[in-house]
$ cat final25.txt   # compact mmCIF, C-alpha atoms and all ligand atoms
# COMPACT_ATOMS: atom_id res chain seq x y z
CA MET A 12 -8.16 7.32 -6.47
CA ARG A 13 -7.80 3.55 -6.28
CA ILE A 14 -4.79 2.79 -8.49
CA ALA A 15 -3.48 -0.37 -10.17
CA LEU A 16 0.24 -0.22 -10.89
CA PHE A 17 1.30 -2.23 -13.95
CA GLY A 18 5.06 -2.59 -13.45
CA TYR A 19 6.50 -2.37 -9.96
CA GLY A 20 10.11 -1.52 -10.78
CA LYS A 21 11.97 1.77 -10.37
CA MET A 22 9.10 3.92 -11.66
CA GLY A 23 6.25 1.85 -10.19
CA LYS A 24 7.73 2.15 -6.69
CA MET A 25 8.35 5.89 -6.98
CA ILE A 26 4.80 6.46 -8.29
CA GLU A 27 3.44 4.45 -5.35
CA GLY A 28 5.19 6.77 -2.84
CA ILE A 29 4.00 9.96 -4.55
CA ALA A 30 0.44 8.70 -5.09
CA MET A 31 0.09 7.70 -1.43
CA LYS A 32 1.39 11.11 -0.26
CA ARG A 33 -1.31 12.71 -2.44
CA GLY A 34 -3.99 10.63 -0.70
CA HIS A 35 -4.46 7.85 -3.25
CA GLU A 36 -4.66 4.13 -2.58
CA ILE A 37 -2.63 1.44 -4.36
CA LYS A 38 -5.05 -1.48 -4.86
CA ALA A 39 -2.86 -3.67 -7.10
CA ARG A 40 0.81 -4.01 -7.98
CA ILE A 41 1.32 -6.13 -11.09
CA ASP A 42 4.90 -7.12 -11.81
CA MET A 43 5.51 -10.16 -14.04
CA GLY A 44 2.11 -10.45 -15.64
CA ASN A 45 -0.36 -11.73 -13.00
CA LEU A 46 -3.17 -9.61 -14.53
CA GLU A 47 -5.83 -12.22 -13.70
CA ASP A 48 -5.39 -11.42 -9.98
CA ILE A 49 -6.93 -7.96 -10.40
CA ASP A 50 -10.53 -7.24 -9.48
CA PHE A 51 -11.00 -4.34 -11.90
CA ARG A 52 -14.26 -3.34 -10.17
CA GLU A 53 -12.20 -1.89 -7.34
CA ILE A 54 -9.78 0.07 -9.59
CA ASP A 55 -10.35 3.70 -10.66
CA ILE A 56 -7.25 4.02 -12.85
CA ALA A 57 -4.26 1.99 -14.05
CA ILE A 58 -0.73 3.36 -14.43
CA ASP A 59 1.59 1.33 -16.66
CA PHE A 60 5.38 1.64 -16.31
CA SER A 61 6.33 -1.91 -17.26
CA VAL A 62 8.23 -3.37 -20.21
CA PRO A 63 7.66 -2.96 -23.97
CA GLU A 64 6.50 -6.60 -24.41
CA ALA A 65 3.81 -6.28 -21.70
CA ALA A 66 2.47 -2.76 -22.20
CA VAL A 67 -0.08 -3.47 -24.96
CA THR A 68 -1.65 -6.46 -23.14
CA ASN A 69 -1.80 -4.50 -19.87
CA ILE A 70 -3.36 -1.42 -21.46
CA GLU A 71 -5.91 -3.40 -23.47
CA LYS A 72 -6.96 -5.48 -20.45
CA ALA A 73 -7.62 -2.35 -18.37
CA LEU A 74 -9.56 -0.64 -21.19
CA GLU A 75 -11.67 -3.79 -21.71
CA ASN A 76 -12.58 -3.58 -18.02
CA ASP A 77 -13.59 0.10 -18.32
CA VAL A 78 -10.54 1.31 -16.40
CA PRO A 79 -8.71 4.40 -17.76
CA VAL A 80 -4.98 4.00 -18.37
CA VAL A 81 -1.96 6.28 -18.04
CA SER A 82 0.99 4.76 -19.89
CA GLY A 83 4.65 5.75 -19.58
CA THR A 84 6.21 2.56 -20.91
CA THR A 85 8.37 3.22 -23.97
CA GLY A 86 9.37 0.95 -26.86
CA TRP A 87 5.89 -0.34 -27.88
CA LEU A 88 4.67 2.56 -30.05
CA ASP A 89 4.49 0.52 -33.26
CA GLN A 90 1.14 -0.59 -31.71
CA TYR A 91 -0.01 2.87 -30.58
CA SER A 92 -2.64 3.15 -33.35
CA HIS A 93 -4.09 -0.25 -32.31
CA ILE A 94 -4.50 1.03 -28.72
CA VAL A 95 -6.07 4.29 -29.94
CA LYS A 96 -8.57 2.24 -31.99
CA ARG A 97 -9.38 -0.05 -29.04
CA CYS A 98 -9.78 2.91 -26.69
CA ASN A 99 -12.21 4.59 -29.09
CA GLU A 100 -14.16 1.34 -29.72
CA LEU A 101 -14.50 0.77 -25.97
CA GLU A 102 -15.24 4.46 -25.27
CA GLY A 103 -12.42 4.43 -22.74
CA ALA A 104 -9.74 6.86 -21.62
CA PHE A 105 -6.04 6.60 -22.43
CA LEU A 106 -3.07 8.90 -21.99
CA TYR A 107 0.47 8.15 -23.19
CA ALA A 108 3.54 10.31 -22.72
CA SER A 109 7.11 9.40 -23.60
CA ASN A 110 8.08 11.70 -20.74
CA PHE A 111 5.83 12.98 -17.93
CA SER A 112 8.15 15.65 -16.50
CA LEU A 113 7.12 19.30 -16.76
CA GLY A 114 10.68 20.28 -17.77
CA VAL A 115 10.81 17.86 -20.71
CA ASN A 116 7.39 18.96 -21.96
CA ILE A 117 8.62 22.57 -21.98
CA PHE A 118 11.76 21.29 -23.73
CA PHE A 119 9.53 19.66 -26.40
CA ALA A 120 7.91 23.07 -27.10
CA LEU A 121 11.33 24.76 -27.22
CA ASN A 122 12.60 22.05 -29.60
CA GLU A 123 9.70 22.66 -32.02
CA PHE A 124 10.23 26.44 -31.91
CA LEU A 125 13.96 26.01 -32.61
CA ALA A 126 13.27 23.54 -35.45
CA GLN A 127 11.02 26.11 -37.15
CA LYS A 128 13.70 28.80 -36.87
CA MET A 129 16.46 26.48 -38.14
CA ALA A 130 14.51 24.94 -41.04
CA PRO A 131 15.61 27.52 -43.68
CA LEU A 132 19.26 27.53 -42.45
CA LYS A 133 20.64 24.63 -44.48
CA GLN A 134 24.24 25.20 -43.28
CA TYR A 135 23.27 23.62 -39.92
CA GLU A 136 22.96 19.86 -39.37
CA VAL A 137 20.81 18.61 -36.55
CA SER A 138 21.56 15.66 -34.26
CA ILE A 139 20.03 14.21 -31.08
CA GLU A 140 21.80 12.44 -28.22
CA GLU A 141 20.20 10.66 -25.27
CA ILE A 142 21.97 9.21 -22.22
CA HIS A 143 20.28 6.78 -19.80
CA HIS A 144 21.15 4.21 -17.11
CA THR A 145 22.48 0.83 -18.16
CA GLU A 146 19.24 -1.03 -17.24
CA LYS A 147 17.22 0.73 -19.93
CA GLN A 148 15.87 -1.83 -22.44
CA ASP A 149 14.89 0.32 -25.42
CA ALA A 150 16.88 2.61 -27.70
CA PRO A 151 16.44 5.29 -28.73
CA SER A 152 14.51 6.57 -25.72
CA GLY A 153 10.84 7.43 -26.17
CA THR A 154 11.73 11.02 -25.36
CA ALA A 155 14.36 11.14 -28.13
CA ILE A 156 11.74 9.84 -30.58
CA THR A 157 9.28 12.58 -29.53
CA ILE A 158 12.05 15.17 -29.97
CA ALA A 159 12.83 13.78 -33.46
CA GLU A 160 9.12 13.87 -34.39
CA GLY A 161 8.98 17.52 -33.26
CA ILE A 162 11.83 18.34 -35.63
CA LEU A 163 10.38 16.29 -38.51
CA GLU A 164 7.07 18.18 -38.25
CA ASN A 165 8.88 21.52 -38.50
CA SER A 166 11.64 20.91 -41.06
CA ASP A 167 12.51 19.18 -44.34
CA TYR A 168 14.06 16.15 -42.60
CA THR A 169 12.18 12.97 -43.59
CA HIS A 170 13.13 10.34 -40.96
CA TRP A 171 15.10 9.79 -37.80
CA LYS A 172 17.76 7.08 -37.60
CA LEU A 173 19.51 5.42 -34.66
CA GLY A 174 23.25 5.70 -35.40
CA ASN A 175 24.70 7.04 -38.62
CA ALA A 176 22.18 8.88 -40.75
CA ARG A 177 21.95 9.54 -44.46
CA GLU A 178 21.01 12.81 -46.17
CA GLY A 179 17.65 14.01 -44.90
CA GLU A 180 17.71 11.82 -41.76
CA ILE A 181 18.12 13.00 -38.16
CA PRO A 182 20.82 10.95 -36.41
CA ILE A 183 20.09 9.81 -32.84
CA THR A 184 22.90 8.59 -30.58
CA SER A 185 21.93 6.48 -27.55
CA LYS A 186 24.40 6.06 -24.67
CA ARG A 187 23.95 3.83 -21.61
CA ILE A 188 26.06 5.04 -18.69
CA GLY A 189 25.84 4.36 -14.92
CA ASP A 190 22.57 5.49 -13.37
CA TYR A 191 21.75 8.48 -15.58
CA ALA A 192 18.04 9.32 -15.08
CA GLY A 193 17.83 10.83 -18.59
CA THR A 194 19.72 13.51 -20.52
CA HIS A 195 18.55 14.68 -23.95
CA THR A 196 20.51 17.04 -26.20
CA VAL A 197 19.67 18.59 -29.56
CA ASP A 198 22.58 20.10 -31.51
CA TYR A 199 22.57 22.24 -34.64
CA ASP A 200 26.11 22.30 -36.02
CA SER A 201 27.66 24.37 -38.79
CA SER A 202 31.29 24.95 -39.71
CA ILE A 203 31.02 28.28 -37.85
CA ASP A 204 29.15 27.50 -34.64
CA GLN A 205 26.84 25.23 -32.69
CA ILE A 206 23.43 25.78 -31.07
CA ARG A 207 22.58 23.31 -28.29
CA ILE A 208 19.51 22.75 -26.14
CA GLN A 209 19.64 20.16 -23.37
CA HIS A 210 17.43 18.72 -20.66
CA THR A 211 18.92 16.81 -17.74
CA ALA A 212 16.74 14.93 -15.26
CA HIS A 213 18.43 14.89 -11.85
CA SER A 214 16.21 11.99 -10.71
CA ARG A 215 12.98 10.12 -11.62
CA GLN A 216 10.92 12.41 -9.36
CA GLY A 217 9.60 14.60 -12.20
CA PHE A 218 8.49 11.60 -14.30
CA ALA A 219 6.65 10.00 -11.36
CA GLU A 220 4.95 13.20 -10.16
CA GLY A 221 3.86 13.95 -13.72
CA ALA A 222 2.34 10.48 -14.11
CA VAL A 223 0.27 10.86 -10.92
CA ILE A 224 -0.87 14.35 -11.95
CA ALA A 225 -1.85 12.92 -15.38
CA ALA A 226 -3.85 10.14 -13.69
CA GLU A 227 -5.72 12.67 -11.51
CA TRP A 228 -6.46 14.72 -14.67
CA LEU A 229 -7.62 11.70 -16.75
CA LEU A 230 -10.13 10.39 -14.20
CA GLY A 231 -13.69 10.97 -15.45
CA LYS A 232 -12.63 11.82 -19.04
CA LYS A 233 -13.17 9.80 -22.25
CA GLY A 234 -10.80 9.77 -25.21
CA VAL A 235 -7.11 9.65 -26.09
CA PHE A 236 -4.86 12.31 -24.59
CA SER A 237 -1.25 13.40 -24.18
CA MET A 238 0.75 15.29 -21.56
CA GLN A 239 0.31 18.43 -23.68
CA ASP A 240 -3.42 18.26 -22.80
CA VAL A 241 -2.67 17.92 -19.08
CA LEU A 242 -0.17 20.77 -18.97
CA ASN A 243 -2.11 22.93 -21.44
CA LEU A 244 1.08 23.60 -23.42
CA GLY A 245 -0.40 22.78 -26.86
N1 LIG A 301 7.23 8.23 -19.72
C1 LIG A 301 8.10 8.54 -18.75
O1 LIG A 301 8.11 9.66 -18.21
C2 LIG A 301 9.05 7.49 -18.29
C3 LIG A 301 9.03 6.25 -18.88
N2 LIG A 301 9.81 5.25 -18.42
C4 LIG A 301 9.61 3.95 -19.03
O2 LIG A 301 8.86 3.16 -18.12
C5 LIG A 301 9.22 1.78 -18.24
C6 LIG A 301 9.62 1.24 -16.88
O3 LIG A 301 10.77 1.92 -16.42
P1 LIG A 301 11.48 1.49 -15.04
O4 LIG A 301 10.51 1.48 -13.92
O5 LIG A 301 12.70 2.34 -14.95
O6 LIG A 301 11.91 -0.01 -15.39
P2 LIG A 301 12.11 -1.23 -14.40
O7 LIG A 301 12.85 -2.28 -15.16
O8 LIG A 301 12.71 -0.76 -13.11
O9 LIG A 301 10.62 -1.73 -14.10
C7 LIG A 301 9.82 -2.42 -15.02
C8 LIG A 301 9.07 -3.47 -14.25
O10 LIG A 301 8.10 -4.09 -15.09
C9 LIG A 301 8.01 -5.43 -14.65
N3 LIG A 301 7.31 -6.28 -15.60
C10 LIG A 301 7.83 -7.24 -16.44
N4 LIG A 301 6.84 -7.85 -17.11
C11 LIG A 301 5.67 -7.29 -16.69
C12 LIG A 301 4.30 -7.49 -17.01
N5 LIG A 301 3.93 -8.43 -17.91
N6 LIG A 301 3.36 -6.70 -16.41
C13 LIG A 301 3.73 -5.76 -15.52
N7 LIG A 301 5.02 -5.54 -15.15
C14 LIG A 301 5.97 -6.29 -15.74
C15 LIG A 301 9.44 -5.86 -14.36
O11 LIG A 301 9.48 -6.99 -13.52
C16 LIG A 301 9.98 -4.58 -13.70
O12 LIG A 301 9.86 -4.63 -12.27
C17 LIG A 301 10.30 1.76 -19.32
O13 LIG A 301 9.69 1.46 -20.57
C18 LIG A 301 10.85 3.17 -19.33
O14 LIG A 301 11.41 3.53 -20.56
C19 LIG A 301 10.68 5.43 -17.39
C20 LIG A 301 10.77 6.65 -16.79
C21 LIG A 301 9.97 7.79 -17.19
O1 LIG A 302 13.86 4.33 -19.10
C1 LIG A 302 13.98 5.42 -18.53
O2 LIG A 302 14.62 5.55 -17.47
C2 LIG A 302 13.34 6.60 -19.13
N1 LIG A 302 12.56 6.40 -20.15
C3 LIG A 302 11.80 7.38 -20.85
C4 LIG A 302 12.23 7.44 -22.30
O3 LIG A 302 12.47 6.38 -22.91
O4 LIG A 302 12.28 8.53 -22.86
C5 LIG A 302 11.74 8.70 -20.14
C6 LIG A 302 12.97 9.08 -19.37
O5 LIG A 302 13.92 9.62 -20.23
C7 LIG A 302 13.51 7.94 -18.53

$ encode --input "final25.txt" --output "structure tokens" --more "lines below"
Ligand SMILES: NC(=O)C1=CN([C@@H]2O[C@H](COP(=O)(O)OP(=O)(O)OC[C@H]3O[C@@H](n4cnc5c(N)ncnc54)[C@H](O)[C@@H]3O)[C@@H](O)[C@H]2O)C=CC1
Ligand SMILES: O=C(O)C1=N[C@H](C(=O)O)C[C@H](O)C1
Amino acid sequence: MRIALFGYGKMGKMIEGIAMKRGHEIKARIDMGNLEDIDFREIDIAIDFSVPEAAVTNIEKALENDVPVVSGTTGWLDQYSHIVKRCNELEGAFLYASNFSLGVNIFFALNEFLAQKMAPLKQYEVSIEEIHHTEKQDAPSGTAITIAEGILENSDYTHWKLGNAREGEIPITSKRIGDYAGTHTVDYDSSIDQIRIQHTAHSRQGFAEGAVIAAEWLLGKKGVFSMQDVLNLG
């Protein structure tokens, strides 16, 4: 595949290495918004790991040029429905995941199963914690939001809240420490005991590999997809 990388930071560089090892070609590296330099006719797919402020423009530009997009950038999802609409209007292909690693996607399924089991047990209070490196711009992490949504869909909780929560809200704590690649914890606490599930990424390898696998999967398809479709975990 001939790939355009939107964002050439920590993730963009790691994706480049993995994509090249799998026989793909990097045709463009866009870092700091020089989108006009791209000849979209020579791009098969775009992979966006940039910044929240740039993601929507990058994605829309690729879709308008009939190039499918894999997006891993977090912190822009208030405009997700706009991108879905544009993708459908343009009959394009788009895949977003808050987390591309296989382990986290299994963790998402485990989280939903646990939420179903815990829903009737009102003596337990749920909370989510995420820890990331100090360069991370957004909080809570996209992964923590997906975890919260998985609980909301399977319980009587009504919202999630960063920081202290009120009755019916799921509290999310975000910590920024050193070079943590990403640790997510879900706790159910009662006065008697605690149930905890946790995923720890040892590096960014799993995110980057997952993004390249998603791009290979998306090529030739039309529509809006998620990592659940790629991994067939749905
Ligand atoms: N979905 C997933 O599995 C994962 C998602 N992420 C997300 O991916 C994004 C990038 O993460 P990192 O690579 O760690 O960050 P980073 O800060 O190392 O890289 C972001 C890059 O985007 C560049 N950039 C700024 N404006 C741009 C524009 N207009 N167009 C293109 N690039 C632009 C910056 O110069 C920087 O090099 C973040 O939103 C992060 O939360 C990170 C890891 C995994
Ligand atoms: O910024 C990061 O580093 C990460 N961002 C994603 C998120 O916000 O969930 C995925 C992963 O946890 C690493």

$ axis_aligned_box --input "final25.txt" --around "ligand LIG 302 (chain A)" --padding-each-side "4 Å" --output "JSON"
{"center_x": 13.2, "center_y": 7.0, "center_z": -20.2, "size_x": 10.9, "size_y": 13.3, "size_z": 13.4}

$ atom_distance --input "final25.txt" --atom1 "atom CA of Gln134 of chain A" --atom2 "atom CA of Ile181 of chain A"
14.6 Å

$ closest_atom_pairs --input "final25.txt" --of "segment 35-60 of chain A" --to "segment 79-86 of chain A" --cutoff "8 Å" --atoms "all atoms listed in the file" --output "Markdown table"
| residue | atom | partner | partner_atom | distance |
| --- | --- | --- | --- | --- |
| A:Asp55 | CA | A:Pro79 | CA | 7.3 |
| A:Ile56 | CA | A:Pro79 | CA | 5.1 |
| A:Ala57 | CA | A:Val80 | CA | 4.8 |
| A:Ile58 | CA | A:Val81 | CA | 4.8 |
| A:Asp59 | CA | A:Ser82 | CA | 4.7 |
| A:Phe60 | CA | A:Thr84 | CA | 4.8 |

$ closest_residue --input "final25.txt" --among "A:Glu136, A:Ser109, A:Asn99, A:Tyr91" --to "Ile206 of chain A" --atoms "all atoms listed in the file"
A:Glu136

$ residues_around --input "final25.txt" --residues "Met129 of chain A" --least-positions-apart "4" --cutoff "9 Å" --atoms "all atoms listed in the file" --output "list in words"
Phe124, Leu125, Lys133, Tyr135, Ser166 and Tyr199 of chain A

$ closest_residue --input "final25.txt" --among "A:Gly103, A:Gly161, A:Gly193, A:Gly28" --to "ligand LIG 302 (chain A)" --atoms "all atoms listed in the file"
A:Gly193

$ residues_near_ligand --input "final25.txt" --ligand "ligand LIG 301 (chain A)" --cutoff "6 Å" --atoms "only C-alpha atoms and all ligand atoms" --output "PyMOL selection string"
chain A and resi 17-23+41-44+60-63+65+83-85+108-111+218

$ atom_distance --input "final25.txt" --atom1 "atom CA of Glu47 of chain A" --atom2 "atom CA of Ala73 of chain A"
11.1 Å

$ closest_residue --input "final25.txt" --among "A:Gly114, A:Glu227, A:Lys233, A:Ser201" --to "Leu132 of chain A" --atoms "all atoms listed in the file"
A:Ser201

$ closest_residue --input "final25.txt" --among "A:Glu123, A:Glu75, A:Glu140, A:Asp48" --to "ligand LIG 302 (chain A)" --atoms "only C-alpha atoms and all ligand atoms"
A:Glu140

$ closest_residue --input "final25.txt" --among "A:Arg177, A:Lys172, A:Lys128, A:His143" --to "ligand LIG 302 (chain A)" --atoms "all atoms listed in the file"
A:His143

$ atom_distance --input "final25.txt" --atom1 "atom CA of Ile37 of chain A" --atom2 "atom CA of Leu74 of chain A"
18.3 Å

$ residues_near_point --input "final25.txt" --point "(5.4, 20.7, -37.3)" --cutoff "12 Å" --atoms "only C-alpha atoms" --output "PyMOL selection string"
chain A and resi 119-120+122-128+130+157-168

$ closest_residue --input "final25.txt" --among "A:Leu242, A:Ile224, A:Val235, A:Ile14" --to "Ser92 of chain A" --atoms "all atoms listed in the file"
A:Val235

$ build_atoms --input "final25.txt" --residues "segment 62-83 of chain A" --atoms "N, CA and C atoms" --output "PDB file, keeping the file's coordinate frame"
ATOM      1  N   VAL A  62       7.228  -3.055 -19.183  1.00  0.00           N
ATOM      2  CA  VAL A  62       8.230  -3.370 -20.210  1.00  0.00           C
ATOM      3  C   VAL A  62       7.532  -3.351 -21.578  1.00  0.00           C
ATOM      4  N   PRO A  63       8.290  -3.092 -22.655  1.00  0.00           N
ATOM      5  CA  PRO A  63       7.660  -2.960 -23.970  1.00  0.00           C
ATOM      6  C   PRO A  63       6.795  -4.166 -24.348  1.00  0.00           C
ATOM      7  N   GLU A  64       7.235  -5.378 -24.011  1.00  0.00           N
ATOM      8  CA  GLU A  64       6.500  -6.600 -24.410  1.00  0.00           C
ATOM      9  C   GLU A  64       5.166  -6.733 -23.682  1.00  0.00           C
ATOM     10  N   ALA A  65       5.021  -6.093 -22.521  1.00  0.00           N
ATOM     11  CA  ALA A  65       3.810  -6.280 -21.700  1.00  0.00           C
ATOM     12  C   ALA A  65       2.814  -5.133 -21.833  1.00  0.00           C
ATOM     13  N   ALA A  66       3.289  -3.975 -22.287  1.00  0.00           N
ATOM     14  CA  ALA A  66       2.470  -2.760 -22.200  1.00  0.00           C
ATOM     15  C   ALA A  66       1.130  -2.907 -22.927  1.00  0.00           C
ATOM     16  N   VAL A  67       1.149  -3.433 -24.155  1.00  0.00           N
ATOM     17  CA  VAL A  67      -0.080  -3.470 -24.960  1.00  0.00           C
ATOM     18  C   VAL A  67      -1.133  -4.365 -24.296  1.00  0.00           C
ATOM     19  N   THR A  68      -0.714  -5.547 -23.828  1.00  0.00           N
ATOM     20  CA  THR A  68      -1.650  -6.460 -23.140  1.00  0.00           C
ATOM     21  C   THR A  68      -2.222  -5.797 -21.894  1.00  0.00           C
ATOM     22  N   ASN A  69      -1.348  -5.160 -21.110  1.00  0.00           N
ATOM     23  CA  ASN A  69      -1.800  -4.500 -19.870  1.00  0.00           C
ATOM     24  C   ASN A  69      -2.817  -3.406 -20.169  1.00  0.00           C
ATOM     25  N   ILE A  70      -2.487  -2.568 -21.143  1.00  0.00           N
ATOM     26  CA  ILE A  70      -3.360  -1.420 -21.460  1.00  0.00           C
ATOM     27  C   ILE A  70      -4.722  -1.921 -21.953  1.00  0.00           C
ATOM     28  N   GLU A  71      -4.674  -2.895 -22.869  1.00  0.00           N
ATOM     29  CA  GLU A  71      -5.910  -3.400 -23.470  1.00  0.00           C
ATOM     30  C   GLU A  71      -6.809  -4.050 -22.410  1.00  0.00           C
ATOM     31  N   LYS A  72      -6.194  -4.793 -21.503  1.00  0.00           N
ATOM     32  CA  LYS A  72      -6.960  -5.480 -20.450  1.00  0.00           C
ATOM     33  C   LYS A  72      -7.689  -4.446 -19.573  1.00  0.00           C
ATOM     34  N   ALA A  73      -6.985  -3.379 -19.211  1.00  0.00           N
ATOM     35  CA  ALA A  73      -7.620  -2.350 -18.370  1.00  0.00           C
ATOM     36  C   ALA A  73      -8.759  -1.677 -19.137  1.00  0.00           C
ATOM     37  N   LEU A  74      -8.513  -1.317 -20.399  1.00  0.00           N
ATOM     38  CA  LEU A  74      -9.560  -0.640 -21.190  1.00  0.00           C
ATOM     39  C   LEU A  74     -10.786  -1.540 -21.339  1.00  0.00           C
ATOM     40  N   GLU A  75     -10.544  -2.842 -21.555  1.00  0.00           N
ATOM     41  CA  GLU A  75     -11.670  -3.790 -21.710  1.00  0.00           C
ATOM     42  C   GLU A  75     -12.499  -3.879 -20.429  1.00  0.00           C
ATOM     43  N   ASN A  76     -11.870  -3.544 -19.302  1.00  0.00           N
ATOM     44  CA  ASN A  76     -12.580  -3.580 -18.020  1.00  0.00           C
ATOM     45  C   ASN A  76     -13.020  -2.178 -17.581  1.00  0.00           C
ATOM     46  N   ASP A  77     -13.083  -1.255 -18.562  1.00  0.00           N
ATOM     47  CA  ASP A  77     -13.590   0.100 -18.320  1.00  0.00           C
ATOM     48  C   ASP A  77     -12.750   0.887 -17.317  1.00  0.00           C
ATOM     49  N   VAL A  78     -11.449   0.592 -17.296  1.00  0.00           N
ATOM     50  CA  VAL A  78     -10.540   1.310 -16.400  1.00  0.00           C
ATOM     51  C   VAL A  78      -9.626   2.200 -17.265  1.00  0.00           C
ATOM     52  N   PRO A  79      -9.599   3.518 -16.993  1.00  0.00           N
ATOM     53  CA  PRO A  79      -8.710   4.400 -17.760  1.00  0.00           C
ATOM     54  C   PRO A  79      -7.237   4.073 -17.493  1.00  0.00           C
ATOM     55  N   VAL A  80      -6.398   4.372 -18.478  1.00  0.00           N
ATOM     56  CA  VAL A  80      -4.980   4.000 -18.370  1.00  0.00           C
ATOM     57  C   VAL A  80      -4.065   5.183 -18.665  1.00  0.00           C
ATOM     58  N   VAL A  81      -3.082   5.371 -17.780  1.00  0.00           N
ATOM     59  CA  VAL A  81      -1.960   6.280 -18.040  1.00  0.00           C
ATOM     60  C   VAL A  81      -0.766   5.390 -18.348  1.00  0.00           C
ATOM     61  N   SER A  82      -0.135   5.605 -19.492  1.00  0.00           N
ATOM     62  CA  SER A  82       0.990   4.760 -19.890  1.00  0.00           C
ATOM     63  C   SER A  82       2.258   5.574 -20.075  1.00  0.00           C
ATOM     64  N   GLY A  83       3.335   5.117 -19.407  1.00  0.00           N
ATOM     65  CA  GLY A  83       4.650   5.750 -19.580  1.00  0.00           C
ATOM     66  C   GLY A  83       5.658   4.806 -20.174  1.00  0.00           C
TER      67      GLY A  83
END
